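What follows is a single structure, written as structure tokens, with notes after it.
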Amino acid sequence: MIVYCTGIKKGDQAHQKLLTNIIEFTEGLGHTVLTELSSKFNSTIPLTENQTYKRNLKWIDGSKLVIAEISNADVEIGIEIGYALFQRKVAVLALHISHARKISSMLSGCDSPLLTIQKYDDVNEMQSIIKTYLHKSG
């Protein structure tokens, strides 16, 4: 299955590690993960902001589902989740580590049946949630 993964990609190393764990675990289950942090899709040529925007939307469009690590979400992650939900064809699993700051009410208040928000306490619990979600979506 093709999965788009998003989360903090720059800056906060702890939250970036959470996203890296999601990517590696999902790839380890045999799924194709579309994200700029995947070694399979790492461009040696820097993309312009417009190229990055178009690439990410194309990746979302081509994915069966989106997994987002939202513990320290920024505007980019919110736009990607909103776009996926707006398309009404891409389900989103939003993962939030229990000890992180409160998530946005635009996410927690969203009643779309395509959005699932799950809290987790550690990497093992996060992996269990992802495995169950992928199995149900597959």
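Numbering starts fresh at 1 for the residues of each chain in the structure tokens, the chains themselves are lettered A, B, ... in the order given, and ligands are numbered from 1 as they appear.
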
**OP:** Tell me, as an MDAnalysis selection string, which residues lie within 12 Å of stretch 84-88 of chain A, counting only C-alpha atoms; anything in the same chain fewer than 6 positions away does not count.
**Re:** chainID A and resid 3:6 56:68 77:78 94 107 110:116

Exercise for review: From stretch 17-116 of chain A, collect each residue whose DSSP state is helix (DSSP H, G or I) and return the set as a ChimeraX atom specification.
Suggested key: /A:17-28,39-41,49-61,75-86,105-108

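In terms of minimum interatomic distance to A:Asn72, A:Ser104 ranks closest within A:Ser104, A:Gln51, A:Thr132, A:Thr44, counting only C-alpha atoms.
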
Find the residues of stretch 63-99 of chain A that sit at most 10 Å from stretch 13-20 of chain A; for each, write down the nearest two atoms and how far apart they are in Å, to one decimal. Count only C-alpha atoms. Sort by chain, then by number going up, and give it as a Markdown table.
| residue | atom | partner | partner_atom | distance |
| --- | --- | --- | --- | --- |
| A:Ile67 | CA | A:Leu19 | CA | 9.4 |
| A:Ala68 | CA | A:Leu19 | CA | 8.1 |
| A:Glu69 | CA | A:Leu19 | CA | 6.1 |
| A:Ile70 | CA | A:His15 | CA | 8.9 |
| A:Ser71 | CA | A:His15 | CA | 7.2 |
| A:Asn72 | CA | A:His15 | CA | 6.8 |
| A:Ala73 | CA | A:His15 | CA | 9.3 |
| A:Leu95 | CA | A:Leu19 | CA | 9.7 |
| A:His96 | CA | A:Leu18 | CA | 9.9 |
| A:Ile97 | CA | A:Leu18 | CA | 9.0 |

task: Would you list, as a PyMOL selection string, the residues of chain A that end up in strand (DSSP E) under DSSP run on this structure's backbone?
output: chain A and resi 2-6+32-34+65-69+91-97+115-120

For the residues in the current selection, export N, CA and C atoms as a compact mmCIF listing (two decimals), in the first residue's frame.
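again-v2.txt was written with the following content:
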# COMPACT_ATOMS: atom_id res chain seq x y z
N ILE A 2 0.45 2.29 -0.65
CA ILE A 2 1.19 3.55 -0.68
C ILE A 2 0.66 4.45 0.43
N VAL A 3 1.59 4.93 1.27
CA VAL A 3 1.25 5.72 2.45
C VAL A 3 2.07 7.01 2.41
N TYR A 4 1.40 8.13 2.62
CA TYR A 4 2.11 9.41 2.76
C TYR A 4 2.31 9.67 4.24
N CYS A 5 3.54 9.95 4.65
CA CYS A 5 3.84 10.25 6.05
C CYS A 5 4.29 11.70 6.19
N THR A 6 3.74 12.36 7.20
CA THR A 6 4.12 13.74 7.46
C THR A 6 4.30 13.97 8.95
N THR A 32 4.97 1.16 0.76
CA THR A 32 5.74 2.24 0.14
C THR A 32 5.36 3.54 0.85
N VAL A 33 6.36 4.20 1.41
CA VAL A 33 6.12 5.44 2.16
C VAL A 33 6.64 6.61 1.35
N LEU A 34 5.73 7.54 1.05
CA LEU A 34 6.10 8.75 0.35
C LEU A 34 6.35 9.86 1.37
N LEU A 65 -3.52 6.22 2.09
CA LEU A 65 -3.79 6.89 3.36
C LEU A 65 -2.60 7.73 3.77
N VAL A 66 -2.84 8.59 4.76
CA VAL A 66 -1.83 9.49 5.31
C VAL A 66 -1.65 9.14 6.78
N ILE A 67 -0.38 9.08 7.20
CA ILE A 67 -0.07 8.97 8.62
C ILE A 67 0.66 10.25 9.00
N ALA A 68 0.12 10.95 9.98
CA ALA A 68 0.70 12.22 10.41
C ALA A 68 1.08 12.15 11.88
N GLU A 69 2.30 12.55 12.20
CA GLU A 69 2.73 12.67 13.59
C GLU A 69 2.49 14.12 13.97
N ALA A 91 -7.76 8.63 3.74
CA ALA A 91 -7.95 8.55 5.18
C ALA A 91 -6.68 9.01 5.88
N VAL A 92 -6.83 9.61 7.06
CA VAL A 92 -5.69 10.15 7.80
C VAL A 92 -5.67 9.55 9.21
N LEU A 93 -4.52 9.01 9.59
CA LEU A 93 -4.27 8.60 10.95
C LEU A 93 -3.33 9.64 11.55
N ALA A 94 -3.80 10.37 12.55
CA ALA A 94 -2.99 11.38 13.21
C ALA A 94 -2.55 10.83 14.56
N LEU A 95 -1.24 10.76 14.77
CA LEU A 95 -0.68 10.21 16.00
C LEU A 95 -0.14 11.33 16.88
N HIS A 96 -0.41 11.23 18.17
CA HIS A 96 -0.05 12.29 19.12
C HIS A 96 0.51 11.65 20.37
N ILE A 97 1.77 11.94 20.68
CA ILE A 97 2.37 11.36 21.89
C ILE A 97 1.76 12.03 23.12
N LEU A 115 -10.81 10.90 9.45
CA LEU A 115 -9.74 11.26 10.39
C LEU A 115 -9.82 10.42 11.65
N THR A 116 -8.72 9.77 11.96
CA THR A 116 -8.57 9.02 13.21
C THR A 116 -7.42 9.64 13.98
N ILE A 117 -7.67 10.03 15.22
CA ILE A 117 -6.61 10.58 16.08
C ILE A 117 -6.37 9.59 17.21
N GLN A 118 -5.12 9.21 17.38
CA GLN A 118 -4.75 8.26 18.42
C GLN A 118 -3.58 8.81 19.23
N LYS A 119 -3.68 8.70 20.55
CA LYS A 119 -2.56 9.05 21.43
C LYS A 119 -1.77 7.78 21.72
N TYR A 120 -0.47 7.97 21.94
CA TYR A 120 0.37 6.85 22.32
C TYR A 120 1.38 7.30 23.37

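Every protein or nucleic acid residue with an atom no more than 8 Å from A:Ile130, counting only C-alpha atoms and leaving out same-chain residues fewer than 4 positions away, appears here: A:Thr26, A:Met126, A:Leu134.
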
Would you save the residues from that selection as a PDB file, in the first residue's frame, using C-alpha atoms?
ATOM      1  CA  THR A  26       5.717   1.361   7.953  1.00  0.00           C
ATOM      2  CA  MET A 126       2.662   3.815  18.280  1.00  0.00           C
ATOM      3  CA  LEU A 134      -2.838  -0.407   8.154  1.00  0.00           C
TER       4      LEU A 134
END

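Checking A:Ile8, A:Met1, A:Met106, A:Ile22 one by one against A:Ser128, counting only C-alpha atoms, you find the shortest gap at A:Ile22.
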